[in-house]
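Quick look at coords_7.txt (compact mmCIF, C-alpha atoms and all ligand atoms):
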```txt
# COMPACT_ATOMS: atom_id res chain seq x y z
CA MET A 295 55.46 22.85 -87.88
CA ARG A 296 57.28 22.68 -91.20
CA ALA A 297 61.02 22.97 -91.68
CA LEU A 298 63.03 23.63 -94.79
CA GLY A 299 66.46 21.94 -94.85
CA ILE A 300 69.43 22.60 -97.10
CA GLU A 301 72.21 20.03 -97.48
CA GLY A 302 75.40 20.76 -99.41
CA THR A 303 78.46 19.63 -97.43
CA ALA A 304 80.08 17.88 -100.42
CA TRP A 305 78.62 16.29 -103.60
CA SER A 306 74.94 16.41 -102.66
CA LEU A 307 72.89 19.55 -103.16
CA SER A 308 69.47 18.80 -101.76
CA VAL A 309 66.59 20.78 -100.27
CA ALA A 310 63.51 19.41 -98.54
CA VAL A 311 60.51 20.36 -96.46
CA VAL A 312 59.40 18.08 -93.61
CA ASP A 313 57.06 18.10 -90.64
CA GLU A 314 57.23 15.86 -87.54
CA ASN A 315 55.80 12.91 -89.47
CA ASP A 316 57.04 12.93 -93.02
CA VAL A 317 58.92 14.42 -95.94
CA PHE A 318 56.64 16.69 -98.03
CA ALA A 319 59.01 17.39 -100.87
CA MET A 320 62.68 16.94 -101.65
CA ILE A 321 64.56 18.31 -104.67
CA SER A 322 68.17 17.25 -105.30
CA ASP A 323 70.76 18.17 -107.90
CA PRO A 324 74.01 16.34 -107.14
CA TYR A 325 77.45 17.48 -108.28
CA ILE A 326 79.05 14.78 -110.38
CA PRO A 327 82.70 15.43 -111.21
CA LYS A 328 83.62 15.11 -114.91
CA GLU A 329 86.83 13.38 -113.92
CA GLY A 330 88.62 12.52 -110.68
CA GLY A 331 87.09 12.95 -107.24
CA ILE A 332 85.12 15.77 -105.63
CA HIS A 333 86.87 19.09 -106.15
CA PRO A 334 85.75 21.49 -103.36
CA ARG A 335 85.77 24.64 -105.50
CA GLU A 336 84.01 23.01 -108.44
CA ALA A 337 81.43 21.49 -106.11
CA SER A 338 80.76 24.86 -104.47
CA GLN A 339 80.38 26.51 -107.89
CA HIS A 340 77.89 23.82 -108.84
CA HIS A 341 75.94 24.44 -105.62
CA SER A 342 75.85 28.23 -106.06
CA GLU A 343 74.76 27.95 -109.70
CA ARG A 344 72.03 25.37 -109.07
CA LEU A 345 70.65 26.31 -105.67
CA PRO A 346 68.29 29.07 -106.97
CA GLU A 347 66.63 26.66 -109.38
CA VAL A 348 66.48 23.83 -106.84
CA LEU A 349 64.78 26.16 -104.36
CA SER A 350 62.33 27.54 -106.91
CA LYS A 351 61.30 23.98 -107.83
CA LEU A 352 60.69 23.32 -104.14
CA PHE A 353 58.67 26.53 -103.74
CA LYS A 354 56.42 25.43 -106.62
CA LYS A 355 55.47 22.45 -104.46
CA ILE A 356 55.32 24.26 -101.13
CA ASP A 357 54.48 27.90 -100.51
CA PRO A 358 57.42 29.44 -98.60
CA LYS A 359 54.87 31.19 -96.34
CA GLU A 360 54.00 27.75 -94.92
CA ILE A 361 57.57 27.18 -93.73
CA ASP A 362 58.33 27.85 -90.05
CA LEU A 363 62.12 27.60 -89.99
CA VAL A 364 65.16 27.08 -92.18
CA ALA A 365 67.81 24.52 -91.26
CA PHE A 366 71.18 24.12 -92.98
CA SER A 367 74.15 21.82 -92.70
CA GLN A 368 76.71 23.89 -90.81
CA GLY A 369 79.45 21.22 -90.90
CA PRO A 370 81.47 19.07 -91.09
CA GLY A 371 82.18 19.38 -94.77
CA MET A 372 84.05 21.23 -97.49
CA GLY A 373 84.46 24.92 -96.56
CA PRO A 374 83.51 26.42 -99.96
CA CYS A 375 80.38 24.23 -100.19
CA LEU A 376 79.31 25.02 -96.63
CA ARG A 377 79.60 28.74 -97.32
CA VAL A 378 77.15 28.54 -100.24
CA VAL A 379 74.62 26.67 -98.11
CA SER A 380 74.91 28.93 -95.06
CA THR A 381 74.64 32.10 -97.17
CA ALA A 382 71.45 30.82 -98.80
CA ALA A 383 69.99 29.77 -95.45
CA ARG A 384 70.69 33.17 -93.87
CA LEU A 385 69.07 34.91 -96.82
CA LEU A 386 65.91 32.77 -96.59
CA ALA A 387 65.66 33.25 -92.82
CA LEU A 388 65.90 37.03 -93.19
CA LYS A 389 63.61 37.24 -96.22
CA PHE A 390 60.81 35.18 -94.68
CA ASN A 391 61.55 36.32 -91.13
CA ILE A 392 61.82 32.78 -89.74
CA PRO A 393 64.36 31.19 -87.37
CA LEU A 394 67.64 29.74 -88.60
CA VAL A 395 69.00 26.42 -87.28
CA GLY A 396 72.56 25.27 -88.00
CA VAL A 397 72.67 21.46 -88.03
CA ASN A 398 75.55 19.04 -87.50
CA HIS A 399 75.57 16.83 -90.61
CA CYS A 400 76.55 13.61 -88.75
CA LEU A 401 73.83 14.16 -86.15
CA ALA A 402 71.33 14.56 -89.00
CA HIS A 403 72.30 11.16 -90.43
CA VAL A 404 71.71 9.52 -87.04
CA GLU A 405 68.45 11.37 -86.27
CA VAL A 406 66.88 10.70 -89.68
CA GLY A 407 67.74 7.03 -89.14
CA ARG A 408 66.02 7.03 -85.74
CA TRP A 409 63.05 8.90 -87.25
CA LYS A 410 62.48 6.47 -90.09
CA THR A 411 63.18 3.19 -88.24
CA SER A 412 62.17 1.87 -84.81
CA ALA A 413 65.71 2.25 -83.44
CA LYS A 414 65.62 4.01 -80.07
CA ASN A 415 69.09 3.98 -78.57
CA PRO A 416 71.34 2.38 -81.18
CA VAL A 417 75.01 2.06 -81.89
CA ALA A 418 75.10 3.96 -85.17
CA LEU A 419 77.59 3.02 -87.87
CA TYR A 420 77.94 6.14 -90.02
CA VAL A 421 79.73 5.35 -93.26
CA SER A 422 80.00 7.95 -95.99
CA GLY A 423 82.46 9.54 -98.38
CA GLY A 424 84.25 11.76 -95.88
CA ASN A 425 83.30 10.15 -92.57
CA SER A 426 83.35 6.73 -90.95
CA GLN A 427 82.33 6.67 -87.31
CA VAL A 428 80.80 4.42 -84.67
CA ILE A 429 78.48 6.65 -82.64
CA ALA A 430 76.26 6.11 -79.59
CA ARG A 431 74.50 8.33 -77.13
CA LYS A 432 75.93 8.75 -73.65
CA GLY A 433 73.86 11.12 -71.48
CA LYS A 434 73.33 14.45 -73.21
CA ARG A 435 75.77 13.89 -76.07
CA TYR A 436 76.38 11.51 -78.91
CA ARG A 437 79.94 10.18 -78.57
CA ILE A 438 82.24 8.79 -81.21
CA PHE A 439 83.49 5.43 -79.95
CA GLY A 440 85.57 4.61 -83.00
CA GLU A 441 86.41 6.32 -86.26
CA THR A 442 88.70 6.31 -89.23
CA LEU A 443 92.24 7.47 -88.60
CA ASP A 444 92.63 8.66 -92.18
CA ILE A 445 90.02 8.57 -95.00
CA GLY A 446 86.33 7.61 -94.95
CA ILE A 447 85.34 4.20 -96.31
CA GLY A 448 83.38 5.83 -99.18
CA ASN A 449 86.43 7.85 -100.19
CA ALA A 450 88.54 4.66 -100.01
CA LEU A 451 86.12 2.82 -102.32
CA ASP A 452 85.96 5.78 -104.71
CA LYS A 453 89.79 6.04 -104.82
CA LEU A 454 90.22 2.36 -105.56
CA ALA A 455 87.50 2.55 -108.22
CA ARG A 456 89.20 5.50 -109.93
CA HIS A 457 92.48 3.59 -110.01
CA ILE A 458 90.85 0.74 -111.91
CA GLY A 459 89.18 3.12 -114.36
CA LEU A 460 85.69 3.51 -112.87
CA LYS A 461 84.03 6.91 -112.62
CA HIS A 462 82.93 8.63 -109.43
CA PRO A 463 81.08 7.49 -107.34
CA GLY A 464 82.87 4.15 -107.37
CA GLY A 465 81.28 2.50 -104.31
CA PRO A 466 78.17 1.13 -106.09
CA LYS A 467 80.27 -0.02 -109.08
CA LEU A 468 82.70 -1.93 -106.84
CA GLU A 469 79.70 -3.53 -105.12
CA GLN A 470 78.55 -4.98 -108.46
CA LEU A 471 82.07 -6.19 -109.33
CA ALA A 472 82.48 -7.77 -105.87
CA LYS A 473 79.41 -9.96 -106.48
CA LYS A 474 81.43 -11.71 -109.20
CA GLY A 475 84.55 -12.10 -107.04
CA GLU A 476 85.83 -15.65 -106.51
CA LYS A 477 89.21 -15.44 -104.85
CA TYR A 478 90.17 -13.59 -101.66
CA TYR A 479 93.49 -11.72 -101.70
CA PHE A 480 95.11 -10.58 -98.47
CA LEU A 481 94.76 -6.88 -97.63
CA PRO A 482 95.91 -5.15 -94.41
CA TYR A 483 93.21 -5.39 -91.72
CA VAL A 484 93.79 -2.26 -89.65
CA VAL A 485 91.84 -1.92 -86.39
CA LYS A 486 93.65 -0.02 -83.64
CA GLY A 487 91.69 0.01 -80.39
CA MET A 488 88.28 1.16 -81.57
CA ASP A 489 89.61 3.06 -84.59
CA PHE A 490 90.26 1.86 -88.12
CA SER A 491 92.20 2.97 -91.16
CA PHE A 492 91.64 2.52 -94.90
CA SER A 493 94.36 4.34 -96.81
CA GLY A 494 96.95 1.54 -96.54
CA MET A 495 94.35 -0.91 -97.82
CA VAL A 496 93.69 1.29 -100.84
CA THR A 497 97.39 1.34 -101.73
CA ALA A 498 97.65 -2.44 -101.30
CA ALA A 499 94.53 -3.02 -103.45
CA GLN A 500 95.85 -0.66 -106.13
CA LYS A 501 99.07 -2.72 -106.19
CA LEU A 502 97.03 -5.91 -106.70
CA TYR A 503 95.44 -4.28 -109.74
CA ASP A 504 98.81 -3.16 -111.08
CA SER A 505 100.06 -6.75 -110.79
CA GLY A 506 97.22 -7.99 -113.03
CA ILE A 507 94.71 -9.41 -110.51
CA ARG A 508 91.03 -9.46 -111.66
CA CYS A 509 89.00 -6.38 -110.67
CA GLU A 510 86.17 -8.61 -109.40
CA ASP A 511 88.52 -10.34 -106.94
CA ILE A 512 90.02 -7.04 -105.79
CA ALA A 513 86.59 -5.49 -105.19
CA PHE A 514 85.49 -8.64 -103.33
CA SER A 515 88.64 -8.74 -101.16
CA PHE A 516 88.41 -5.04 -100.40
CA GLN A 517 84.76 -5.19 -99.32
CA GLU A 518 85.27 -8.32 -97.20
CA THR A 519 88.24 -6.80 -95.36
CA ALA A 520 86.96 -3.24 -94.88
CA PHE A 521 83.42 -4.26 -93.91
CA ALA A 522 84.73 -6.85 -91.44
CA MET A 523 86.73 -4.09 -89.75
CA LEU A 524 83.63 -1.90 -89.47
CA THR A 525 81.53 -4.80 -88.20
CA GLU A 526 84.13 -5.73 -85.58
CA VAL A 527 84.23 -2.24 -84.10
CA THR A 528 80.43 -1.90 -84.18
CA GLU A 529 80.14 -5.21 -82.32
CA ARG A 530 82.64 -4.12 -79.69
CA ALA A 531 80.73 -0.87 -79.14
CA LEU A 532 77.52 -2.90 -78.66
CA ALA A 533 79.21 -5.14 -76.10
CA TYR A 534 80.96 -2.33 -74.26
CA LEU A 535 77.84 -0.16 -74.02
CA ASP A 536 75.54 -3.14 -73.44
CA LEU A 537 73.16 -1.99 -76.20
CA ASP A 538 71.03 -4.11 -78.50
CA GLU A 539 70.37 -2.03 -81.62
CA VAL A 540 72.53 -1.19 -84.63
CA LEU A 541 71.61 1.63 -87.01
CA LEU A 542 73.42 1.85 -90.35
CA VAL A 543 73.53 5.34 -91.93
CA GLY A 544 75.48 7.21 -94.64
CA GLY A 545 75.83 6.57 -98.37
CA VAL A 546 77.93 3.39 -98.06
CA GLY A 547 75.10 1.95 -95.95
CA ALA A 548 73.31 1.15 -99.23
CA ASN A 549 75.83 -1.66 -99.74
CA GLU A 550 74.10 -5.04 -99.43
CA ARG A 551 77.21 -6.93 -98.33
CA LEU A 552 77.86 -4.48 -95.48
CA GLN A 553 74.21 -4.79 -94.43
CA GLU A 554 74.46 -8.57 -94.55
CA MET A 555 77.59 -8.70 -92.35
CA LEU A 556 76.03 -6.41 -89.76
CA LYS A 557 72.80 -8.44 -89.77
CA VAL A 558 74.69 -11.68 -89.13
CA MET A 559 76.61 -10.05 -86.27
CA CYS A 560 73.36 -8.67 -84.79
CA GLU A 561 71.64 -12.06 -85.03
CA ASP A 562 74.56 -13.71 -83.23
CA ARG A 563 74.31 -11.19 -80.39
CA GLY A 564 70.49 -11.00 -80.19
CA ALA A 565 70.57 -7.37 -81.35
CA LYS A 566 68.30 -5.68 -83.89
CA PHE A 567 69.57 -4.22 -87.15
CA TYR A 568 68.05 -1.06 -88.66
CA ALA A 569 68.67 1.00 -91.79
CA PRO A 570 66.59 3.91 -93.12
CA PRO A 571 65.20 3.84 -96.69
CA LYS A 572 67.88 4.27 -99.35
CA GLU A 573 66.86 7.82 -100.35
CA LEU A 574 67.52 8.96 -96.76
CA MET A 575 70.77 7.04 -96.36
CA GLY A 576 73.19 9.24 -98.33
CA ASP A 577 73.40 13.02 -97.89
CA ASN A 578 69.94 14.58 -98.32
CA GLY A 579 67.98 17.72 -97.44
CA ALA A 580 65.30 15.89 -95.45
CA MET A 581 67.73 14.81 -92.72
CA ILE A 582 68.82 18.43 -92.21
CA ALA A 583 65.22 19.69 -92.19
CA TYR A 584 64.10 17.02 -89.70
CA THR A 585 67.05 17.54 -87.32
CA GLY A 586 66.58 21.32 -87.52
CA LEU A 587 62.93 20.84 -86.56
CA LEU A 588 63.88 18.59 -83.65
CA MET A 589 66.43 21.12 -82.40
CA TYR A 590 64.05 24.05 -82.75
CA LYS A 591 61.28 22.23 -80.86
CA HIS A 592 63.78 21.79 -78.03
CA GLY A 593 64.72 25.46 -77.85
CA LEU A 594 67.78 25.48 -80.10
CA SER A 595 68.28 27.97 -82.94
CA THR A 596 71.24 29.78 -84.47
CA PRO A 597 71.50 33.58 -84.40
CA ILE A 598 72.82 35.01 -87.69
CA GLU A 599 76.10 36.03 -86.03
CA GLU A 600 76.70 32.41 -84.97
CA SER A 601 75.79 30.90 -88.31
CA TYR A 602 79.37 30.73 -89.62
CA VAL A 603 80.47 27.47 -91.21
CA LYS A 604 82.17 24.74 -89.15
CA PRO A 605 84.21 22.51 -91.50
CA ASP A 606 85.42 20.37 -88.56
CA PHE A 607 82.15 20.33 -86.57
CA ARG A 608 82.04 17.19 -84.35
CA ILE A 609 78.85 15.49 -83.21
CA GLU A 610 79.95 15.64 -79.53
CA GLU A 611 79.76 19.44 -79.65
CA VAL A 612 75.94 19.36 -79.79
CA GLU A 613 73.97 19.04 -76.57
CA ILE A 614 71.06 16.66 -77.12
CA LYS A 615 67.88 17.84 -75.43
CA TRP A 616 65.50 15.18 -76.73
CA SER A 617 65.03 11.53 -75.91
P1 LIG B 701 77.40 10.16 -98.49
O1 LIG B 701 78.59 11.08 -98.38
O2 LIG B 701 76.88 9.74 -97.17
O3 LIG B 701 76.32 10.68 -99.36
O4 LIG B 701 77.94 8.83 -99.22
C1 LIG B 701 78.59 8.87 -100.47
C2 LIG B 701 79.49 7.66 -100.61
O5 LIG B 701 78.72 6.46 -100.62
C3 LIG B 701 80.33 7.63 -101.89
O6 LIG B 701 81.67 7.43 -101.51
C4 LIG B 701 79.77 6.42 -102.65
O7 LIG B 701 80.75 5.76 -103.44
C5 LIG B 701 79.29 5.55 -101.53
N1 LIG B 701 78.27 4.56 -101.92
C6 LIG B 701 77.03 4.79 -102.41
N2 LIG B 701 76.38 3.63 -102.68
C7 LIG B 701 77.24 2.63 -102.33
C8 LIG B 701 77.18 1.20 -102.37
N3 LIG B 701 76.10 0.56 -102.81
N4 LIG B 701 78.26 0.51 -101.93
C9 LIG B 701 79.35 1.15 -101.47
N5 LIG B 701 79.48 2.48 -101.43
C10 LIG B 701 78.43 3.21 -101.85
MG MG B 702 77.11 12.30 -95.01
```

Give the structure from the file, written as structure tokens.
Amino acid sequence: MRALGIEGTAWSLSVAVVDENDVFAMISDPYIPKEGGIHPREASQHHSERLPEVLSKLFKKIDPKEIDLVAFSQGPGMGPCLRVVSTAARLLALKFNIPLVGVNHCLAHVEVGRWKTSAKNPVALYVSGGNSQVIARKGKRYRIFGETLDIGIGNALDKLARHIGLKHPGGPKLEQLAKKGEKYYFLPYVVKGMDFSFSGMVTAAQKLYDSGIRCEDIAFSFQETAFAMLTEVTERALAYLDLDEVLLVGGVGANERLQEMLKVMCEDRGAKFYAPPKELMGDNGAMIAYTGLLMYKHGLSTPIEESYVKPDFRIEEVEIKWS
């Protein structure tokens, strides 16, 4: 079977066709803001203007008649962006007379990670622009064991980067600066139970910059503090659930320092560390296509009348029918 997937919850507009084994083709055309952060209306306009061309490029590589179902990211995400994606998915399903599958975006990050690594039953650390969650499976659901109380770690990095004059997306740029950091400056380390918070840290780091501290040292201090918080909660989830695998997913997962901290923690505990290839780490169409295929093979599809967008869609809402 072959599934087409459409991702477009925020900055990433990406379509792909996959089967059970691999990604056949993926075409992406990301929205990059001219200034500031991601503006939902501008992003959705970008998606609606570019989606026809992105799809026609894909259909030059794969005949639409060879596609068995269309999957789309139904949420969570920015309402205006989700509406563009769901409208396109409904149209394709009706035009080609194939089933429609609405996919939870967070679930797709976890499932593509399990697909492309040997992780079987991991504690997943999902770190992206809008989300930061520690997720593991318990029976027929994935559960969120810890999450951000305010903004996602990617958003925190991007906000700090903007304040010091770096363009969106700031995460990769701060990573390069942090490599040249020499001095650690105190920043609030906020872990409450199994949850964490980043917005106070951003304000404190912005104040360091305003007081004339070197950007390299601020980036270094920010990464050390924020990534230690994420590693601590991931470790506690491993201990509490008595699991021995960690799976890192989401765009911030590309960060080498975060990977290093998690690897050290895993080695200390005798756990294994996994991360999918970089092109499948951030938001992408292949993860939606693959998860849609998995759902469809286990009897799940989305009737047109239930294909409305879910901006606050939580991973726990999906019943997991596969092992
Ligand atoms: P996603 O929403 O999962 O696609 O992730 C996007 C986020 O990942 C943005 O906030 C980026 O700044 C962030 N990001 C991408 N690469 C890196 C990196 N190497 N280090 C830190 N953050 C990153
Ligand atoms: Mg994401």

* To do: Could the residues that lie within 8 Å of ligand LIG 701 (chain B), counting all atoms listed in the file, be listed as an MDAnalysis selection string?
  => chainID A and resid 304:306 421:425 447:452 462:469 543:550 575:578

* Work out how far apart atom CA of Asn391 of chain A and atom CA of Ala365 of chain A are and give it in Å to one decimal. => 13.4 Å

* Asked: Distance atom CA of Glu529 of chain A-atom CA of Trp409 of chain A, one decimal place?
  ->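 Calculated distance between atom CA of Glu529 of chain A and atom CA of Trp409 of chain A is 22.7 Å.
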
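Look at Lys566 of chain A: the protein and nucleic acid residues within 12 Å of it, using only C-alpha atoms and passing over chain neighbours fewer than 2 places away, are A:Thr411, A:Ser412, A:Ala413, A:Lys414, A:Asn415, A:Pro416, A:Val417, A:Ala418, A:Glu529, A:Leu532, A:Leu537, A:Asp538, A:Glu539, A:Val540, A:Leu541, A:Leu542, A:Leu556, A:Lys557, A:Val558, A:Met559, A:Cys560, A:Glu561, A:Asp562, A:Arg563, A:Gly564, A:Tyr568, A:Ala569.
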
Pull C-alpha atoms from the residues just selected and write them as a PDB file, in the coordinates of the input.
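Now in part_10.pdb:
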```
ATOM      1  CA  THR A 411      63.180   3.190 -88.240  1.00  0.00           C
ATOM      2  CA  SER A 412      62.170   1.870 -84.810  1.00  0.00           C
ATOM      3  CA  ALA A 413      65.710   2.250 -83.440  1.00  0.00           C
ATOM      4  CA  LYS A 414      65.620   4.010 -80.070  1.00  0.00           C
ATOM      5  CA  ASN A 415      69.090   3.980 -78.570  1.00  0.00           C
ATOM      6  CA  PRO A 416      71.340   2.380 -81.180  1.00  0.00           C
ATOM      7  CA  VAL A 417      75.010   2.060 -81.890  1.00  0.00           C
ATOM      8  CA  ALA A 418      75.100   3.960 -85.170  1.00  0.00           C
ATOM      9  CA  GLU A 529      80.140  -5.210 -82.320  1.00  0.00           C
ATOM     10  CA  LEU A 532      77.520  -2.900 -78.660  1.00  0.00           C
ATOM     11  CA  LEU A 537      73.160  -1.990 -76.200  1.00  0.00           C
ATOM     12  CA  ASP A 538      71.030  -4.110 -78.500  1.00  0.00           C
ATOM     13  CA  GLU A 539      70.370  -2.030 -81.620  1.00  0.00           C
ATOM     14  CA  VAL A 540      72.530  -1.190 -84.630  1.00  0.00           C
ATOM     15  CA  LEU A 541      71.610   1.630 -87.010  1.00  0.00           C
ATOM     16  CA  LEU A 542      73.420   1.850 -90.350  1.00  0.00           C
ATOM     17  CA  LEU A 556      76.030  -6.410 -89.760  1.00  0.00           C
ATOM     18  CA  LYS A 557      72.800  -8.440 -89.770  1.00  0.00           C
ATOM     19  CA  VAL A 558      74.690 -11.680 -89.130  1.00  0.00           C
ATOM     20  CA  MET A 559      76.610 -10.050 -86.270  1.00  0.00           C
ATOM     21  CA  CYS A 560      73.360  -8.670 -84.790  1.00  0.00           C
ATOM     22  CA  GLU A 561      71.640 -12.060 -85.030  1.00  0.00           C
ATOM     23  CA  ASP A 562      74.560 -13.710 -83.230  1.00  0.00           C
ATOM     24  CA  ARG A 563      74.310 -11.190 -80.390  1.00  0.00           C
ATOM     25  CA  GLY A 564      70.490 -11.000 -80.190  1.00  0.00           C
ATOM     26  CA  TYR A 568      68.050  -1.060 -88.660  1.00  0.00           C
ATOM     27  CA  ALA A 569      68.670   1.000 -91.790  1.00  0.00           C
TER      28      ALA A 569
END
```

For a cutoff of 6 Å around the file-coordinate point (72.6, 22.5, -79.1), which residues qualify once you count only C-alpha atoms? I'd like the result as a compact mmCIF listing (two decimals) with C-alpha atoms, keeping the file's coordinate frame.
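Heads up, here's the output in selection36.txt:
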```txt
# COMPACT_ATOMS: atom_id res chain seq x y z
CA LEU A 594 67.78 25.48 -80.10
CA VAL A 612 75.94 19.36 -79.79
CA GLU A 613 73.97 19.04 -76.57
```

* Asked: Expressed in Å to a single decimal, how great is the separation between atom CA of Gly487 of chain A and atom CA of Arg435 of chain A?
  -> 21.6 Å

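For the choices A:Val317, A:Leu345, A:Leu298, A:Leu574, the atom-to-atom distance to ligand MG 702 (chain B) is smallest for A:Leu574 when using only C-alpha atoms and all ligand atoms.
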
* Asked: Which residue gives the smallest distance to His340 of chain A among A:Gly506, A:Pro374, A:Gly396, A:Pro358, with all atoms listed in the file counted?
  -> A:Pro374

Given the point (56.0, 21.2, -105.0) in the coordinates of this file, which residues lie within 10 Å, counting only C-alpha atoms, and how would they look as a PDB file with C-alpha atoms, keeping the file's coordinate frame?
```pdb
ATOM      1  CA  VAL A 311      60.510  20.360 -96.460  1.00  0.00           C
ATOM      2  CA  PHE A 318      56.640  16.690 -98.030  1.00  0.00           C
ATOM      3  CA  ALA A 319      59.010  17.390-100.870  1.00  0.00           C
ATOM      4  CA  MET A 320      62.680  16.940-101.650  1.00  0.00           C
ATOM      5  CA  ILE A 321      64.560  18.310-104.670  1.00  0.00           C
ATOM      6  CA  SER A 350      62.330  27.540-106.910  1.00  0.00           C
ATOM      7  CA  LYS A 351      61.300  23.980-107.830  1.00  0.00           C
ATOM      8  CA  LEU A 352      60.690  23.320-104.140  1.00  0.00           C
ATOM      9  CA  PHE A 353      58.670  26.530-103.740  1.00  0.00           C
ATOM     10  CA  LYS A 354      56.420  25.430-106.620  1.00  0.00           C
ATOM     11  CA  LYS A 355      55.470  22.450-104.460  1.00  0.00           C
ATOM     12  CA  ILE A 356      55.320  24.260-101.130  1.00  0.00           C
ATOM     13  CA  ASP A 357      54.480  27.900-100.510  1.00  0.00           C
TER      14      ASP A 357
END
```

* Asked: Out of A:Ala533, A:Leu419, A:Met589, A:Val603, which residue has the shortest atom-to-atom distance to ligand MG 702 (chain B) when counting only C-alpha atoms and all ligand atoms?
  ->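 Closest residue, counting only C-alpha atoms and all ligand atoms: A:Leu419.
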
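Each of A:Lys477, A:Lys461, A:Lys591, A:Lys572 was checked against Lys328 of chain A using only C-alpha atoms; the smallest atom-to-atom distance is that of A:Lys461.
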
* To do: Find the residues around Leu535 of chain A up to 9 Å (all atoms listed in the file counted), leave out those fewer than 4 positions away in its own chain, and share them as a PyMOL selection string.
  => chain A and resi 417+430+530-531

* To do: Tell me, as JSON, numbers by chain, which residues lie within 12 Å of His457 of chain A, counting all atoms listed in the file; anything in the same chain fewer than 2 positions away does not count.
  => {"A": [329, 330, 331, 450, 451, 452, 453, 454, 455, 459, 460, 461, 462, 464, 468, 496, 497, 498, 499, 500, 501, 502, 503, 504, 509, 512, 513]}
